[in-house]
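> mmCIF, C-alpha atoms and all ligand atoms, file target_24.cif:
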```cif
data_upload
loop_
_atom_site.label_atom_id
_atom_site.label_comp_id
_atom_site.auth_asym_id
_atom_site.auth_seq_id
_atom_site.Cartn_x
_atom_site.Cartn_y
_atom_site.Cartn_z
CA LYS H 1 15.62 12.32 6.41
CA THR H 2 16.26 11.70 2.73
CA PRO H 3 13.67 9.76 0.76
CA LEU H 4 14.48 6.12 0.06
CA VAL H 5 11.67 5.90 -2.48
CA GLU H 6 10.19 8.59 -4.69
CA LEU H 7 7.36 8.01 -7.11
CA ARG H 8 6.89 10.76 -9.66
CA ASP H 9 3.62 10.80 -11.58
CA LEU H 10 3.52 7.01 -11.62
CA LYS H 11 0.99 5.46 -13.98
CA VAL H 12 0.01 1.83 -14.40
CA HIS H 13 -2.61 1.38 -17.12
CA PHE H 14 -3.72 -2.07 -18.21
CA PRO H 15 -4.96 -2.45 -21.79
CA ILE H 16 -8.35 -4.13 -22.24
CA LYS H 17 -8.10 -6.50 -25.19
CA SER H 18 -10.88 -7.54 -27.51
CA GLY H 19 -11.37 -9.32 -30.81
CA VAL H 20 -10.88 -12.94 -31.80
CA LEU H 21 -7.18 -12.99 -30.99
CA PHE H 22 -7.50 -10.41 -28.21
CA ASP H 23 -5.09 -8.24 -30.12
CA ARG H 24 -7.17 -5.10 -30.26
CA THR H 25 -6.94 -2.63 -27.39
CA VAL H 26 -10.41 -1.27 -26.74
CA GLY H 27 -9.68 0.68 -23.58
CA TYR H 28 -7.58 0.90 -20.46
CA VAL H 29 -7.94 0.22 -16.77
CA TYR H 30 -6.43 3.34 -15.20
CA ALA H 31 -5.36 1.42 -12.09
CA VAL H 32 -2.72 3.93 -11.00
CA ASP H 33 -3.10 7.26 -12.70
CA GLY H 34 -0.44 9.76 -11.77
CA VAL H 35 0.71 9.18 -8.19
CA SER H 36 3.61 11.11 -6.68
CA LEU H 37 4.80 10.32 -3.18
CA SER H 38 7.99 9.84 -1.26
CA ILE H 39 8.91 7.49 1.56
CA ARG H 40 11.74 8.46 3.88
CA ALA H 41 14.37 5.92 4.90
CA GLY H 42 13.25 4.12 8.06
CA GLU H 43 9.66 5.30 7.99
CA THR H 44 6.40 3.44 7.55
CA TYR H 45 4.10 4.74 4.86
CA GLY H 46 0.54 3.44 5.11
CA LEU H 47 -1.46 3.39 1.89
CA VAL H 48 -5.21 3.01 2.32
CA GLY H 49 -8.34 2.95 0.19
CA GLU H 50 -11.22 0.71 -0.88
CA SER H 51 -10.45 -2.45 -2.79
CA GLY H 52 -10.08 -1.58 -6.47
CA CYS H 53 -8.56 1.87 -5.82
CA GLY H 54 -5.18 0.85 -7.23
CA LYS H 55 -3.15 0.52 -4.04
CA SER H 56 -1.98 -3.07 -4.68
CA THR H 57 -1.10 -2.20 -8.26
CA LEU H 58 0.91 0.75 -6.97
CA GLY H 59 2.87 -1.58 -4.66
CA ARG H 60 3.55 -4.04 -7.46
CA GLY H 61 4.39 -1.26 -9.90
CA LEU H 62 6.93 0.15 -7.43
CA LEU H 63 8.74 -3.21 -7.47
CA ARG H 64 8.15 -3.58 -11.22
CA LEU H 65 6.24 -6.82 -10.63
CA VAL H 66 3.88 -5.10 -13.04
CA GLU H 67 5.48 -2.74 -15.53
CA PRO H 68 4.47 0.91 -15.06
CA THR H 69 3.14 2.76 -18.08
CA ASP H 70 4.74 6.07 -17.24
CA GLY H 71 6.43 8.06 -14.50
CA GLU H 72 9.52 7.59 -12.39
CA ILE H 73 10.44 5.29 -9.54
CA VAL H 74 13.52 6.58 -7.76
CA PHE H 75 14.93 4.13 -5.25
CA ASP H 76 17.94 5.26 -3.24
CA GLY H 77 18.79 7.80 -5.92
CA THR H 78 18.44 5.45 -8.90
CA ASP H 79 15.67 5.43 -11.49
CA VAL H 80 14.51 1.83 -11.15
CA ARG H 81 12.60 1.87 -14.43
CA SER H 82 15.86 2.28 -16.38
CA LEU H 83 17.52 -0.77 -14.75
CA LYS H 84 17.98 -4.00 -16.66
CA GLY H 85 19.19 -7.53 -15.95
CA GLU H 86 21.71 -7.84 -13.13
CA ALA H 87 21.23 -4.24 -11.96
CA MET H 88 17.47 -4.78 -11.62
CA ARG H 89 18.07 -8.07 -9.80
CA LEU H 90 20.28 -6.29 -7.28
CA ALA H 91 17.67 -3.56 -6.79
CA ARG H 92 14.94 -6.16 -6.36
CA ARG H 93 16.92 -7.85 -3.60
CA ARG H 94 16.71 -4.59 -1.68
CA MET H 95 12.94 -4.27 -2.26
CA GLN H 96 10.87 -7.19 -1.08
CA MET H 97 7.16 -7.89 -0.87
CA ILE H 98 4.90 -9.56 1.68
CA PHE H 99 1.49 -10.72 0.49
CA GLN H 100 -1.96 -10.85 2.05
CA ASP H 101 -2.66 -14.55 2.13
CA PRO H 102 0.40 -16.46 3.27
CA LEU H 103 -1.11 -19.79 2.16
CA SER H 104 -1.71 -18.83 -1.43
CA SER H 105 1.71 -17.24 -1.80
CA LEU H 106 3.55 -20.27 -0.35
CA ASP H 107 3.93 -23.43 -2.46
CA PRO H 108 2.33 -26.22 -0.33
CA ARG H 109 4.73 -28.89 -1.64
CA GLN H 110 7.83 -27.04 -0.59
CA SER H 111 9.33 -27.26 2.87
CA VAL H 112 10.05 -23.99 4.63
CA GLN H 113 13.75 -24.62 4.04
CA SER H 114 13.35 -24.91 0.28
CA LEU H 115 10.93 -21.94 0.21
CA LEU H 116 13.44 -19.73 1.95
CA ILE H 117 16.49 -21.00 0.10
CA GLU H 118 14.81 -20.34 -3.24
CA GLY H 119 15.19 -16.60 -2.76
CA LEU H 120 18.82 -16.96 -1.78
CA LYS H 121 19.47 -19.06 -4.90
CA ALA H 122 17.74 -16.59 -7.19
CA HIS H 123 20.16 -13.96 -5.98
CA GLY H 124 23.25 -16.18 -6.04
CA LEU H 125 23.50 -16.20 -2.25
CA ALA H 126 23.18 -19.94 -1.61
CA ASN H 127 26.63 -21.15 -2.68
CA ASP H 128 27.73 -22.35 0.73
CA ARG H 129 25.21 -24.76 2.26
CA ALA H 130 26.27 -24.36 5.88
CA ASP H 131 26.30 -20.60 5.51
CA SER H 132 22.84 -20.60 3.89
CA LEU H 133 21.38 -22.75 6.65
CA ARG H 134 22.86 -20.48 9.30
CA ARG H 135 21.24 -17.55 7.52
CA LEU H 136 17.85 -19.30 7.40
CA ARG H 137 17.97 -20.17 11.12
CA GLU H 138 18.88 -16.61 12.00
CA THR H 139 16.00 -15.28 9.93
CA LEU H 140 13.50 -17.71 11.45
CA ASP H 141 14.69 -16.71 14.88
CA ALA H 142 14.15 -13.05 13.98
CA VAL H 143 10.50 -13.74 13.09
CA GLY H 144 9.95 -15.86 16.20
CA LEU H 145 10.00 -19.36 14.71
CA PRO H 146 12.23 -22.27 15.84
CA SER H 147 14.77 -23.77 13.41
CA SER H 148 12.76 -27.01 13.44
CA ALA H 149 10.31 -25.09 11.21
CA LEU H 150 12.75 -25.56 8.33
CA ARG H 151 11.75 -29.19 7.82
CA LYS H 152 7.99 -28.49 7.94
CA TYR H 153 5.45 -27.58 5.26
CA PRO H 154 3.16 -24.51 5.11
CA HIS H 155 0.00 -26.46 6.07
CA GLU H 156 1.60 -27.46 9.37
CA PHE H 157 1.50 -23.86 10.57
CA SER H 158 -1.23 -21.51 11.77
CA GLY H 159 -2.15 -18.43 9.75
CA GLY H 160 -0.05 -16.16 11.93
CA GLN H 161 2.95 -18.52 11.70
CA ARG H 162 2.57 -18.69 7.93
CA GLN H 163 2.69 -14.92 7.74
CA ARG H 164 5.89 -15.10 9.80
CA ILE H 165 7.28 -17.42 7.13
CA GLY H 166 6.22 -14.91 4.47
CA ILE H 167 8.06 -12.20 6.39
CA ALA H 168 11.13 -14.45 6.76
CA ARG H 169 11.16 -15.06 3.03
CA ALA H 170 11.28 -11.30 2.40
CA LEU H 171 13.78 -10.72 5.19
CA VAL H 172 16.32 -13.40 4.27
CA LEU H 173 17.60 -11.30 1.37
CA GLY H 174 18.43 -8.37 3.64
CA PRO H 175 16.10 -5.80 2.01
CA ASP H 176 15.92 -2.06 2.77
CA LEU H 177 12.30 -1.68 1.69
CA ILE H 178 9.41 -4.04 2.34
CA VAL H 179 6.10 -3.57 0.56
CA ALA H 180 3.43 -5.37 2.60
CA ASP H 181 0.10 -5.78 0.79
CA GLU H 182 -2.65 -6.36 3.36
CA PRO H 183 -0.20 -8.22 5.63
CA VAL H 184 -2.72 -8.93 8.39
CA SER H 185 -6.16 -8.80 6.79
CA ALA H 186 -6.38 -12.61 6.45
CA LEU H 187 -5.57 -13.08 10.14
CA ASP H 188 -7.69 -13.19 13.30
CA VAL H 189 -7.80 -9.87 15.09
CA SER H 190 -5.89 -11.33 18.05
CA ILE H 191 -3.06 -12.41 15.73
CA GLN H 192 -3.00 -9.14 13.76
CA ALA H 193 -1.44 -7.20 16.62
CA GLN H 194 1.32 -9.82 17.01
CA VAL H 195 2.29 -9.58 13.36
CA ILE H 196 2.16 -5.77 13.41
CA ASN H 197 4.36 -5.76 16.54
CA LEU H 198 6.80 -8.12 14.84
CA LEU H 199 7.00 -5.80 11.82
CA GLU H 200 7.69 -2.88 14.15
CA ASP H 201 10.42 -4.78 16.03
CA LEU H 202 12.11 -5.82 12.80
CA GLN H 203 11.98 -2.25 11.59
CA SER H 204 13.74 -0.86 14.62
CA GLU H 205 16.34 -3.69 14.67
CA ARG H 206 17.13 -3.46 10.98
CA GLY H 207 16.26 0.07 9.96
CA LEU H 208 13.69 -1.17 7.45
CA THR H 209 11.45 1.10 5.43
CA TYR H 210 7.85 -0.04 4.94
CA LEU H 211 5.06 0.60 2.53
CA ILE H 212 2.04 -1.00 4.18
CA ILE H 213 -1.07 -1.34 2.04
CA ALA H 214 -4.40 -1.84 3.77
CA HIS H 215 -8.10 -1.27 3.19
CA ASP H 216 -8.55 -1.00 6.94
CA LEU H 217 -7.57 2.37 8.35
CA ALA H 218 -7.34 0.93 11.84
CA VAL H 219 -4.48 -1.36 10.79
CA VAL H 220 -2.14 1.42 9.67
CA ARG H 221 -3.17 3.99 12.25
CA HIS H 222 -0.59 3.00 14.85
CA ILE H 223 2.19 1.58 12.71
CA ALA H 224 2.32 4.27 10.00
CA ASP H 225 4.24 7.54 10.29
CA THR H 226 2.66 8.88 7.12
CA VAL H 227 -0.66 7.83 5.61
CA GLY H 228 -1.74 8.25 1.99
CA VAL H 229 -5.35 7.75 0.89
CA MET H 230 -6.09 6.54 -2.63
CA TYR H 231 -9.29 6.84 -4.61
CA LEU H 232 -9.69 5.53 -8.17
CA GLY H 233 -5.99 5.48 -9.05
CA GLY H 234 -5.06 8.81 -7.46
CA LEU H 235 -3.73 9.99 -4.12
CA VAL H 236 -6.39 12.25 -2.55
CA GLU H 237 -4.81 12.97 0.82
CA GLU H 238 -1.50 12.52 2.60
CA ALA H 239 -0.48 13.51 6.11
CA SER H 240 1.27 12.27 9.21
CA SER H 241 -0.81 9.55 10.80
CA ASP H 242 -1.66 11.81 13.75
CA ASP H 243 -2.80 14.71 11.58
CA LEU H 244 -4.80 12.55 9.24
CA TYR H 245 -6.75 10.84 12.01
CA ARG H 246 -7.19 14.05 13.99
CA GLU H 247 -8.46 16.07 11.07
CA PRO H 248 -9.13 14.33 7.77
CA LEU H 249 -9.56 17.03 5.11
CA HIS H 250 -10.68 15.14 2.02
CA PRO H 251 -14.37 14.21 1.86
CA TYR H 252 -13.42 10.66 0.85
CA THR H 253 -11.13 10.25 3.85
CA LYS H 254 -13.89 11.60 6.10
CA ALA H 255 -16.26 9.00 4.66
CA LEU H 256 -13.75 6.17 5.12
CA MET H 257 -13.22 7.18 8.72
CA SER H 258 -16.86 7.50 9.54
CA ALA H 259 -17.23 3.88 8.40
CA VAL H 260 -14.81 2.45 10.97
CA PRO H 261 -15.42 2.35 14.70
CA VAL H 262 -12.88 4.49 16.52
CA PRO H 263 -12.27 3.30 20.08
CA ASP H 264 -11.61 6.85 21.23
CA PRO H 265 -14.51 8.73 22.84
CA VAL H 266 -13.05 12.16 22.06
CA VAL H 267 -12.76 11.40 18.37
CA GLU H 268 -16.13 9.63 18.41
CA ASP H 269 -17.94 12.77 19.55
CA ARG H 270 -16.74 14.93 16.71
CA ARG H 271 -17.10 12.40 13.96
CA GLU H 272 -19.42 13.22 11.10
CA ARG H 273 -21.50 10.36 9.76
CA ILE H 274 -20.95 10.23 6.04
CA LEU H 275 -22.49 7.51 3.95
CA LEU H 276 -21.03 7.10 0.52
CA ALA H 277 -23.67 7.06 -2.20
CA GLY H 278 -23.25 4.62 -5.05
CA ASP H 279 -20.46 2.20 -5.90
CA LEU H 280 -16.86 2.89 -6.70
CA PRO H 281 -16.94 3.98 -10.38
CA SER H 282 -15.09 1.80 -12.86
CA PRO H 283 -11.38 2.58 -13.29
CA THR H 284 -11.85 1.99 -17.03
CA ASN H 285 -14.03 5.05 -17.29
CA PRO H 286 -13.28 7.29 -14.31
CA PRO H 287 -15.40 10.44 -13.71
CA SER H 288 -14.14 13.72 -15.13
CA GLY H 289 -12.69 16.47 -12.96
CA CYS H 290 -12.46 15.36 -9.34
CA ARG H 291 -12.92 11.61 -9.52
CA PHE H 292 -14.86 11.72 -6.29
CA HIS H 293 -17.44 14.25 -7.52
CA THR H 294 -20.07 11.58 -8.28
CA ARG H 295 -20.13 10.55 -4.61
CA CYS H 296 -19.02 13.67 -2.79
CA PRO H 297 -21.56 15.29 -0.43
CA TRP H 298 -19.75 18.65 -0.81
CA ALA H 299 -19.34 18.64 -4.61
CA GLN H 300 -19.87 22.10 -6.12
CA PRO H 301 -21.35 22.77 -9.56
CA THR H 302 -19.08 22.75 -12.56
CA ARG H 303 -15.64 23.08 -10.96
CA CYS H 304 -15.67 19.66 -9.25
CA ARG H 305 -16.95 18.04 -12.42
CA ASP H 306 -14.61 19.88 -14.80
CA GLU H 307 -11.29 20.38 -13.06
CA ARG H 308 -9.14 17.63 -11.53
CA PRO H 309 -7.81 18.95 -8.21
CA ALA H 310 -4.05 18.68 -7.71
CA LEU H 311 -2.61 17.26 -4.51
CA ARG H 312 -1.54 20.41 -2.65
CA GLU H 313 -0.23 21.25 0.79
CA THR H 314 -2.74 23.07 3.01
CA VAL H 315 -1.08 23.21 6.39
CA SER H 316 2.51 22.03 6.83
CA GLY H 317 2.88 18.41 5.81
CA HIS H 318 -0.82 17.89 5.15
CA LYS H 319 -1.68 17.44 1.49
CA VAL H 320 -5.12 17.18 -0.02
CA ALA H 321 -6.58 16.97 -3.53
CA CYS H 322 -9.84 18.88 -3.10
CA HIS H 323 -10.77 22.31 -4.48
CA PHE H 324 -12.78 23.16 -1.39
CA ALA H 325 -10.88 21.56 1.51
CA GLU H 326 -10.57 24.85 3.45
CA GLU H 327 -14.21 25.86 2.92
CA ILE H 328 -15.40 22.42 4.02
CA ALA H 329 -13.14 22.44 7.11
CA ALA H 330 -14.43 25.88 8.09
CA GLY H 331 -18.04 24.84 7.57
CA ARG H 332 -18.58 27.40 4.79
CA ILE H 333 -19.89 24.70 2.45
CA ARG H 334 -22.61 22.38 3.72
CA ALA H 335 -22.86 18.71 2.87
CA HIS H 336 -25.80 17.80 0.66
CA GLU H 337 -27.51 14.59 -0.35
CA VAL H 338 -25.97 12.71 -3.25
CA GLU H 339 -28.28 10.99 -5.73
CA PRO H 340 -26.93 7.46 -6.12
FE1 LIG S 401 -15.71 16.93 -3.33
FE2 LIG S 401 -15.19 18.83 -5.11
FE3 LIG S 401 -13.46 18.34 -3.14
FE4 LIG S 401 -13.77 16.60 -5.13
S1 LIG S 401 -12.97 18.67 -5.29
S2 LIG S 401 -13.65 16.13 -2.99
S3 LIG S 401 -15.98 16.77 -5.53
S4 LIG S 401 -15.58 19.12 -2.94
MG MG S 402 -5.57 -5.20 -3.05
#
```
Now, as a test, write the supplied structure out as structure tokens.
Ligand code: SF4
Ligand code: MG

Amino acid sequence: KTPLVELRDLKVHFPIKSGVLFDRTVGYVYAVDGVSLSIRAGETYGLVGESGCGKSTLGRGLLRLVEPTDGEIVFDGTDVRSLKGEAMRLARRRMQMIFQDPLSSLDPRQSVQSLLIEGLKAHGLANDRADSLRRLRETLDAVGLPSSALRKYPHEFSGGQRQRIGIARALVLGPDLIVADEPVSALDVSIQAQVINLLEDLQSERGLTYLIIAHDLAVVRHIADTVGVMYLGGLVEEASSDDLYREPLHPYTKALMSAVPVPDPVVEDRRERILLAGDLPSPTNPPSGCRFHTRCPWAQPTRCRDERPALRETVSGHKVACHFAEEIAAGRIRAHEVEP
């Protein structure tokens, strides 16, 4: 399938201001620092990593909710970063976002009807009242809410229902791509599966493409076709969900996976226990070379510290940014203790 979205060397750097008038740039937060990836039409791309690794900023940068510093965003063949005014508005209608906490992203004083109609208005789609209302009812029905929800306010709903409203708000504009930033992490575990199932149903009914951002690998495991792992602003591994979970190649991915319980006895047996030493380094002053070298149990002298590994394909479709992925997989390099 052709890619719907292609990011080429995307960078989002935030200036750190200082001085009396905060007009002097004293450094940068390298939140996203050169990410290339593509998402095929109709697929679900899961983006995972610790909080602070840049995954949310990548999602916002893709939609230009924050302005990228450099790189290309190609959406359906068009370079989004070159679009202005009306053309950007049209592109944005096709790319919608769902946020983590449905309460904080919904205005408590607005009824569901006015929340949903706001988006239609912003895109000049609310000219006919009867037609708009029909559209809202249809959308609510699609997310499993009755049309009586239109007259209610966000606080009258449960967390799971509020996330359904968040999904409806994205859906009402008829997008092709939905970026979902931690869509279920504020919800009870029992509700998480319902929302994930709803997203899957909507995808197959409407041919949607998803970028799902999560810190929890378990959340994206079943819904994602492809999974990308981010560390300190860079993509360190990318593979089909099956391949990634069967055989993670990057030491950071191995560590992430050894931190989550896997309800699969076969996988459990082979899992290495890797404890990450130290905290996530600051994205204002990232380590040289491989950004993971300060915490990597397999780091080798000089090369890991001096040379930033490129994301490269090892076996078909499995990409990793580690100089020694093959040696580690074959057991030719042994893990060592890392001084925190
Ligand atoms: Fe570890 Fe070196 Fe691979 Fe980075 S390049 S993950 S430091 S072994
Ligand atoms: Mg985040």
> Throw together the list of residues within 6 Å of ligand LIG 401 (chain S), counting all atoms listed in the file, and drop it here as a PyMOL selection string.
chain H and resi 250-251+290+292-293+296+298-300+304+309+322-324
> List all protein, DNA and RNA residues that have any atom at most 8 Å from ligand MG 402 (chain S), counting only C-alpha atoms and all ligand atoms, and write the list as a list in words.
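So the residues close to ligand MG 402 (chain S) are Ser51, Gly52, Gly54, Lys55, Ser56, Thr57, Asp181, Glu182, Ile213, Ala214 and His215 of chain H.
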> Excluding Ser114 of chain H and any residue of its chain fewer than 3 positions from it, enumerate the residues within 9 Å of it, using all atoms listed in the file, and give them as a list in words.
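Counting only the stated atoms, we get Gln110, Ser111, Ile117, Glu118, Leu150 and Arg151 of chain H.
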> Set the distance at 12 Å and use all atoms listed in the file: which residues neighbour Leu65 of chain H once local chain neighbours fewer than 2 positions away are removed? I'd like the list as a ChimeraX atom specification.
/H:12,56-63,67-68,80-81,88-89,92,95-97,179
> Between H:Leu202, H:Leu106, H:Ala91, H:Leu244, which residue has the minimum interatomic distance to Val143 of chain H, considering all atoms listed in the file?
H:Leu202
> What is the atom CA of Ser240 of chain H-atom CA of Asp79 of chain H distance in Å, reported with one decimal?
26.1 Å
> What is the atom CA of Arg109 of chain H to atom CA of Arg129 of chain H distance in Å?
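It comes out at 21.3 Å.
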> I'd like the contact shell of Ser204 of chain H - 10 Å cut-off, all atoms listed in the file, skipping same-chain residues fewer than 4 positions apart - returned as a VMD selection string.
chain H and resid 42 to 43 199 to 200 208 to 209
> Any idea what the distance is between atom CA of Ile73 of chain H and atom CA of Glu237 of chain H?
20.0 Å
